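One structure is given below, encoded as structure tokens.
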Amino acid sequence: MAPLRALKSYAKVAVGLFCGYIVWGWFSGPASDDISHPKTIGRYDRSFGSRKPTFTRDEKRREAIVDAFKHAWRAYERDAFGADEYHPISHTGKNFTNAKGAGIGYMIIDALDTMMIMKQDGDGELEEMYQRAHHWIEHTLDFSLGGQVNTFETTIRVLGGLLAAYHLADRKQAPVFLTHAVDLAERLLPAFETPSGIPLSDSNLHTKQGRGDMANGGLASTAEATTLQLEFRYLSNVTGDPKYWEAAVKVMKTVKQALPPNGPYLVPIFISPQDGRFRSSDVRLGSRGDSYYEYLLKQYIQTVKLYRNAMYEDAMNSIHELLFKRTPIQNLLYAAELEPKVYSRTADFDIRTWHVSPKQDHLVCFLGGSLMLGATEAWADVPPVLYNLPRANARRDWDNGKALIETCMETHNTATGLSPEIAVFYDTEKRKEVKESGKEWFIKGGISDYPLLDARYILRPETVESLFIAFRLSGDPIYRMYGWRIFQAIEKHCKIPEYQGGGYVSIRNVDRVEGEKGWVDNMETFFLAETLKYLYLLFSESSVISLRKYVFNTEAHPLPIFTPSKVLHSAGMTK
């Protein structure tokens, strides 16, 4: 018995030391302030997932991201203030319309709420930048001078940006944002005047007329037509005028009627504004398809989950059935595409017979965070109790959302640490290719001296968007670590030094370190509106733009969650 008593004594000592270590680690925190090691205050450890973490900001990383925003904005303001596009290498700007050289605020308005969120801690330089931007909007912006613009892009960037700024601004400065938002919406509404209610792809802001996409036979992009709802519905909420809400709802009702009654509930990327029916075209979660699925969830969250979300449930089930695939060795989850065997303008087809293409746009990386958001509906505990999530298949969506984020991070495993525009995956029959290359995916044309557009990185935000959502919902510090890696890669490969003028550029090939040779002379507006905003929020406390109070439009403009008035409620919603 003596050896047994000794063993028990040793065990008690070991347990005591272990518990003491945990308590010491909890209260003491990390000793180093080295920002190369992301931290979560509250000492949340994944092995203790039942403990609710408490977050505070990571000040040094947030400061680095604010500095990046200032670096970009100073260059734009010096070279091209008021222009819709910015080209930092040539120090020039460009507008999307040719009407009297007028810009419509793409860059200024798209970046405005990022500036407003960042300046809340009293940053004097950001405050001055904001005041100059507000002055331009109040005294120079004039949508009546604008010419032909894309209905969708103008809605998500400019209308969404104005509405977010209206909500975030003080009472004195907010009215100018709402006035311009109403003016812009009135100029976009004629695009919805089609037999089906599906909006036309383009809008002439001067003549207040819509125009179809001539390059695609007048068809509308499915994602573009169905990614106007958050903005138009919120505009009705703040103005009390239901016509914007009604236009947005009619689109969704038309789309619902066009879905096959027995599934699958996936949508081709083109739909006709004339008859409201889909046309034989690719099914994908990337370009022209992505934000349709994003807004199915976000419309539901925006109006305090007042309306049943059957379209979202059906779509997620079909995605899991037909689009989600795994690689042969690492079992990476990715979202494939479906391609018709023959492209045609027919409205009669069966997508179950179409060819599976194992490629995934960087755009698809929004879906990881979106699946996790849908699993919790933004209201579960943090981290969520996985056996008590609010909807059927929630655990499936949570787990696959996390898995998809890991795949997206795997596509950052390149020479630059940045992800390509398109990654092609080896399917389960390509085990030999995987073993030879050591990777389960590749970039088409990535080894060429003249790479395809697939190889570029254009400062996209989708991966960091998912990292932000995943961190806010789970508290897992690995998502901050991933985000910091991406930010450091952007700083290293996309930043133009101050002595060369400043700003950020795209790069033409993520798998080659080419320095200035690989720079592409464009700084996308979404770099300021989305990429830097999501990174800033990733390292902020969870009360800053809380997921329980806000829903982000697809351009990362935070719009408040609201309860619709009786008038709007009576206007209905897609069930």
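Chain identifiers are assigned as A, B, and so on, following the order in which chains appear in the structure tokens; residues are numbered from 1 within each chain, and ligands are numbered from 1 in order of appearance.
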Per-residue nearest contacts stretch 188-307 of chain A to stretch 136-146 of chain A, cut-off 9 Å, using only C-alpha atoms, as CSV:
residue,atom,partner,partner_atom,distance
A:Asn204,CA,A:Gly146,CA,7.3
A:Leu205,CA,A:Gly146,CA,5.4
A:His206,CA,A:Ser144,CA,4.7
A:Thr207,CA,A:Ser144,CA,8.1
A:Lys208,CA,A:Ser144,CA,8.9
Using only C-alpha atoms, which residues sit within 9 Å of A:Ala247 once same-chain residues fewer than 5 positions away are excluded, as number ranges by chain?
-> A: 189, 192-193, 197-198, 229, 232-233, 242
Please, which residues of stretch 177-262 of chain A, numbered as in this document, come out strand (DSSP E) from DSSP, as a PyMOL selection string?
-> chain A and resi 202-204+209-211+220-221
Stretch 542-550 of chain A: which residues within 6 Å, counting only C-alpha atoms, same-chain residues fewer than 6 positions away excluded, as a PyMOL selection string?
-> chain A and resi 378+558-561
Taking only C-alpha atoms into account, which of A:Ile108, A:Asn388, A:Leu453, A:Leu532 comes nearest A:Arg157?
->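 Closest to A:Arg157, using only C-alpha atoms: A:Ile108.
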Got a sec: who's within 8 Å of A:Arg472, counting only C-alpha atoms, leaving out chain neighbours fewer than 3 positions off, as an MDAnalysis selection string?
-> chainID A and resid 382 468:469 475 538 542 547
Keeping only C-alpha atoms, write the selected residues to a file as an mmCIF file, in the first residue's frame.
data_model
loop_
_atom_site.group_PDB
_atom_site.id
_atom_site.type_symbol
_atom_site.label_atom_id
_atom_site.label_comp_id
_atom_site.auth_asym_id
_atom_site.auth_seq_id
_atom_site.Cartn_x
_atom_site.Cartn_y
_atom_site.Cartn_z
ATOM 1 C CA VAL A 382 -18.965 33.167 -27.071
ATOM 2 C CA PHE A 468 -12.821 38.800 -37.867
ATOM 3 C CA ILE A 469 -16.188 37.047 -37.654
ATOM 4 C CA GLY A 475 -12.543 33.813 -29.155
ATOM 5 C CA LEU A 538 -10.144 41.895 -35.430
ATOM 6 C CA SER A 542 -15.861 43.003 -29.087
ATOM 7 C CA LEU A 547 -22.161 41.619 -34.181
#
Pick from A:Tyr130, A:Tyr300, A:Phe55, A:Phe527 nearest to A:Asp476, counting only C-alpha atoms = A:Phe55
Quick one: DSSP helix (DSSP H, G or I) residues in stretch 306-544 of chain A, as a CSV table (one decimal) with C-alpha atoms, in the first residue's frame?
chain,number,residue,atom,x,y,z
A,310,ALA,CA,-36.0,29.0,-45.5
A,311,MET,CA,-34.1,30.2,-48.6
A,312,TYR,CA,-30.9,30.4,-46.6
A,313,GLU,CA,-31.4,26.9,-45.1
A,314,ASP,CA,-32.1,25.4,-48.5
A,315,ALA,CA,-29.1,27.1,-50.1
A,316,MET,CA,-26.7,25.9,-47.4
A,317,ASN,CA,-28.0,22.3,-47.7
A,318,SER,CA,-27.5,22.4,-51.5
A,319,ILE,CA,-24.0,23.9,-51.1
A,320,HIS,CA,-23.0,21.0,-48.8
A,321,GLU,CA,-24.5,18.5,-51.1
A,322,LEU,CA,-23.1,19.6,-54.4
A,323,LEU,CA,-20.3,22.2,-54.1
A,351,ILE,CA,-27.5,21.6,-62.6
A,352,ARG,CA,-27.1,18.1,-61.1
A,353,THR,CA,-25.8,17.0,-64.5
A,362,HIS,CA,-10.6,34.2,-53.3
A,363,LEU,CA,-14.1,35.8,-53.0
A,364,VAL,CA,-15.4,32.5,-51.7
A,365,CYS,CA,-13.4,33.0,-48.5
A,366,PHE,CA,-16.2,35.2,-47.1
A,367,LEU,CA,-18.2,31.9,-46.6
A,368,GLY,CA,-16.2,30.5,-43.7
A,369,GLY,CA,-17.1,33.3,-41.4
A,370,SER,CA,-20.6,33.5,-42.9
A,371,LEU,CA,-21.3,29.9,-42.1
A,372,MET,CA,-20.2,30.4,-38.5
A,373,LEU,CA,-22.3,33.5,-38.3
A,374,GLY,CA,-25.3,31.6,-39.7
A,375,ALA,CA,-24.7,28.7,-37.2
A,376,THR,CA,-24.9,31.1,-34.2
A,386,LEU,CA,-22.0,23.6,-29.9
A,387,TYR,CA,-24.7,21.2,-28.9
A,388,ASN,CA,-27.1,24.0,-28.2
A,394,ALA,CA,-25.8,24.5,-37.2
A,395,ARG,CA,-22.9,22.3,-35.9
A,396,ARG,CA,-22.3,21.2,-39.5
A,397,ASP,CA,-22.1,24.8,-40.7
A,398,TRP,CA,-19.9,25.8,-37.7
A,399,ASP,CA,-17.4,23.0,-38.3
A,400,ASN,CA,-17.3,23.5,-42.1
A,401,GLY,CA,-17.0,27.3,-41.7
A,402,LYS,CA,-13.8,26.7,-39.6
A,403,ALA,CA,-12.5,24.2,-42.1
A,404,LEU,CA,-13.1,26.6,-45.0
A,405,ILE,CA,-11.1,29.3,-43.2
A,406,GLU,CA,-8.2,26.8,-42.8
A,407,THR,CA,-8.3,26.2,-46.5
A,408,CYS,CA,-8.3,29.9,-47.3
A,409,MET,CA,-5.3,30.3,-45.0
A,410,GLU,CA,-3.6,27.4,-46.9
A,431,ARG,CA,-3.2,11.9,-55.3
A,432,LYS,CA,-0.1,11.4,-57.5
A,433,GLU,CA,0.0,15.1,-58.4
A,434,VAL,CA,-0.3,16.1,-54.8
A,435,LYS,CA,2.6,13.9,-53.8
A,436,GLU,CA,4.8,15.2,-56.6
A,437,SER,CA,4.1,18.9,-55.9
A,453,LEU,CA,-5.0,37.3,-63.6
A,454,ASP,CA,-5.6,34.2,-61.4
A,455,ALA,CA,-2.2,34.8,-59.8
A,462,GLU,CA,-12.6,38.1,-47.8
A,463,THR,CA,-10.2,36.0,-45.7
A,464,VAL,CA,-9.7,38.7,-43.1
A,465,GLU,CA,-13.5,39.2,-43.1
A,466,SER,CA,-13.9,35.6,-42.1
A,467,LEU,CA,-11.1,35.8,-39.5
A,468,PHE,CA,-12.8,38.8,-37.9
A,469,ILE,CA,-16.2,37.0,-37.7
A,470,ALA,CA,-14.6,33.8,-36.5
A,471,PHE,CA,-12.7,35.5,-33.7
A,472,ARG,CA,-15.7,37.5,-32.5
A,473,LEU,CA,-17.8,34.3,-32.4
A,474,SER,CA,-15.2,31.8,-31.0
A,478,ILE,CA,-5.5,31.7,-33.9
A,479,TYR,CA,-7.6,33.9,-36.0
A,480,ARG,CA,-5.8,37.0,-34.7
A,481,MET,CA,-2.5,35.3,-35.5
A,482,TYR,CA,-3.7,34.5,-39.0
A,483,GLY,CA,-4.9,38.1,-39.5
A,484,TRP,CA,-1.6,39.5,-38.4
A,485,ARG,CA,0.3,37.3,-40.8
A,486,ILE,CA,-1.8,38.6,-43.7
A,487,PHE,CA,-1.3,42.2,-42.6
A,488,GLN,CA,2.4,41.7,-42.4
A,489,ALA,CA,2.5,40.2,-45.9
A,490,ILE,CA,0.5,43.2,-47.3
A,491,GLU,CA,3.0,45.6,-45.6
A,492,LYS,CA,6.0,43.8,-47.0
A,493,HIS,CA,4.8,43.3,-50.6
A,498,GLU,CA,6.7,57.1,-48.1
A,499,TYR,CA,9.7,58.4,-50.0
A,500,GLN,CA,8.2,57.0,-53.2
A,515,GLY,CA,9.4,43.7,-55.7
A,516,GLU,CA,8.5,46.8,-57.8
A,517,LYS,CA,8.5,44.7,-60.9
A,518,GLY,CA,5.4,42.9,-59.7
A,525,THR,CA,-11.4,51.2,-52.6
A,526,PHE,CA,-12.2,48.1,-50.7
A,527,PHE,CA,-8.7,48.0,-49.3
A,528,LEU,CA,-9.7,51.0,-47.1
A,529,ALA,CA,-13.4,50.1,-46.8
A,530,GLU,CA,-13.0,46.4,-46.0
A,531,THR,CA,-9.5,44.9,-45.6
A,532,LEU,CA,-8.2,47.5,-43.1
A,533,LYS,CA,-11.5,47.8,-41.4
A,534,TYR,CA,-11.9,44.1,-40.7
A,535,LEU,CA,-8.2,43.9,-39.6
A,536,TYR,CA,-8.8,46.9,-37.2
A,537,LEU,CA,-11.9,45.3,-35.8
A,538,LEU,CA,-10.1,41.9,-35.4
Could you pull the residues within 10 Å of A:Lys70, counting only C-alpha atoms, minus those fewer than 2 positions along the same chain, as a ChimeraX atom specification?
-> /A:64-68,72-76,115,125-126,129,502-503,528
What lies within 7 Å of A:Val520 using only C-alpha atoms, ignoring chain neighbours under 6 positions off, as a PyMOL selection string?
-> chain A and resi 505-508
One decimal, Å: what's the distance from atom CA of A:Asn509 over to atom CA of A:Ile447, could you say?
->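 Spanning atom CA of A:Asn509 to atom CA of A:Ile447 is a straight-line distance of 8.9 Å.
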Considering only C-alpha atoms, return as a list in words whatever protein or nucleic-acid residues lie within 12 Å of A:Glu224, sequence-local ones (same chain, fewer than 6 positions apart) excluded.
->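 Listing them by chain and then by number gives Asn150, Thr151, Phe152, Glu153, Thr154, Thr155, Ile156, Ile198, Pro199, Leu200, Ser201, Asp202, Asp213, Ala248, Val251, Ile269, Phe270, Ile271, Pro273, Ser287, Arg288, Gly289, Asp290, Ser291, Tyr292, Tyr293, Glu294, Tyr295 and Thr554 of chain A.
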Atoms kept (C-alpha atoms) for selection, written as an mmCIF file, in the first residue's frame:
data_model
loop_
_atom_site.group_PDB
_atom_site.id
_atom_site.type_symbol
_atom_site.label_atom_id
_atom_site.label_comp_id
_atom_site.auth_asym_id
_atom_site.auth_seq_id
_atom_site.Cartn_x
_atom_site.Cartn_y
_atom_site.Cartn_z
ATOM 1 C CA ASN A 150 -22.831 49.825 -62.134
ATOM 2 C CA THR A 151 -26.041 49.625 -60.071
ATOM 3 C CA PHE A 152 -24.666 47.038 -57.653
ATOM 4 C CA GLU A 153 -21.222 48.560 -57.055
ATOM 5 C CA THR A 154 -22.693 52.016 -56.540
ATOM 6 C CA THR A 155 -25.228 50.643 -54.072
ATOM 7 C CA ILE A 156 -22.816 48.672 -51.915
ATOM 8 C CA ILE A 198 -34.855 42.291 -61.308
ATOM 9 C CA PRO A 199 -32.761 45.473 -61.607
ATOM 10 C CA LEU A 200 -30.744 46.314 -64.691
ATOM 11 C CA SER A 201 -26.980 46.118 -64.332
ATOM 12 C CA ASP A 202 -26.215 49.765 -65.035
ATOM 13 C CA ASP A 213 -25.495 44.601 -69.466
ATOM 14 C CA ALA A 248 -35.691 45.094 -52.678
ATOM 15 C CA VAL A 251 -36.294 41.027 -56.275
ATOM 16 C CA ILE A 269 -24.824 33.454 -62.118
ATOM 17 C CA PHE A 270 -27.186 35.061 -64.654
ATOM 18 C CA ILE A 271 -30.885 35.900 -64.420
ATOM 19 C CA PRO A 273 -34.657 41.068 -65.857
ATOM 20 C CA SER A 287 -17.778 36.184 -58.736
ATOM 21 C CA ARG A 288 -21.386 36.935 -59.719
ATOM 22 C CA GLY A 289 -22.673 34.372 -57.220
ATOM 23 C CA ASP A 290 -21.078 35.036 -53.834
ATOM 24 C CA SER A 291 -23.119 37.751 -52.161
ATOM 25 C CA TYR A 292 -26.475 36.193 -53.095
ATOM 26 C CA TYR A 293 -25.782 33.574 -50.424
ATOM 27 C CA GLU A 294 -24.256 36.162 -48.077
ATOM 28 C CA TYR A 295 -27.372 38.353 -48.149
ATOM 29 C CA THR A 554 -20.912 43.160 -48.602
#
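Closest to A:Val267 among A:Arg187, A:Gly161, A:Lys250, A:Leu285 is A:Leu285, based on only C-alpha atoms.
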For atom CA of A:Tyr106 and atom CA of A:Thr239, the interatomic separation in Å (one decimal) |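 We find that atom CA of A:Tyr106 and atom CA of A:Thr239 lie 23.2 Å from each other.
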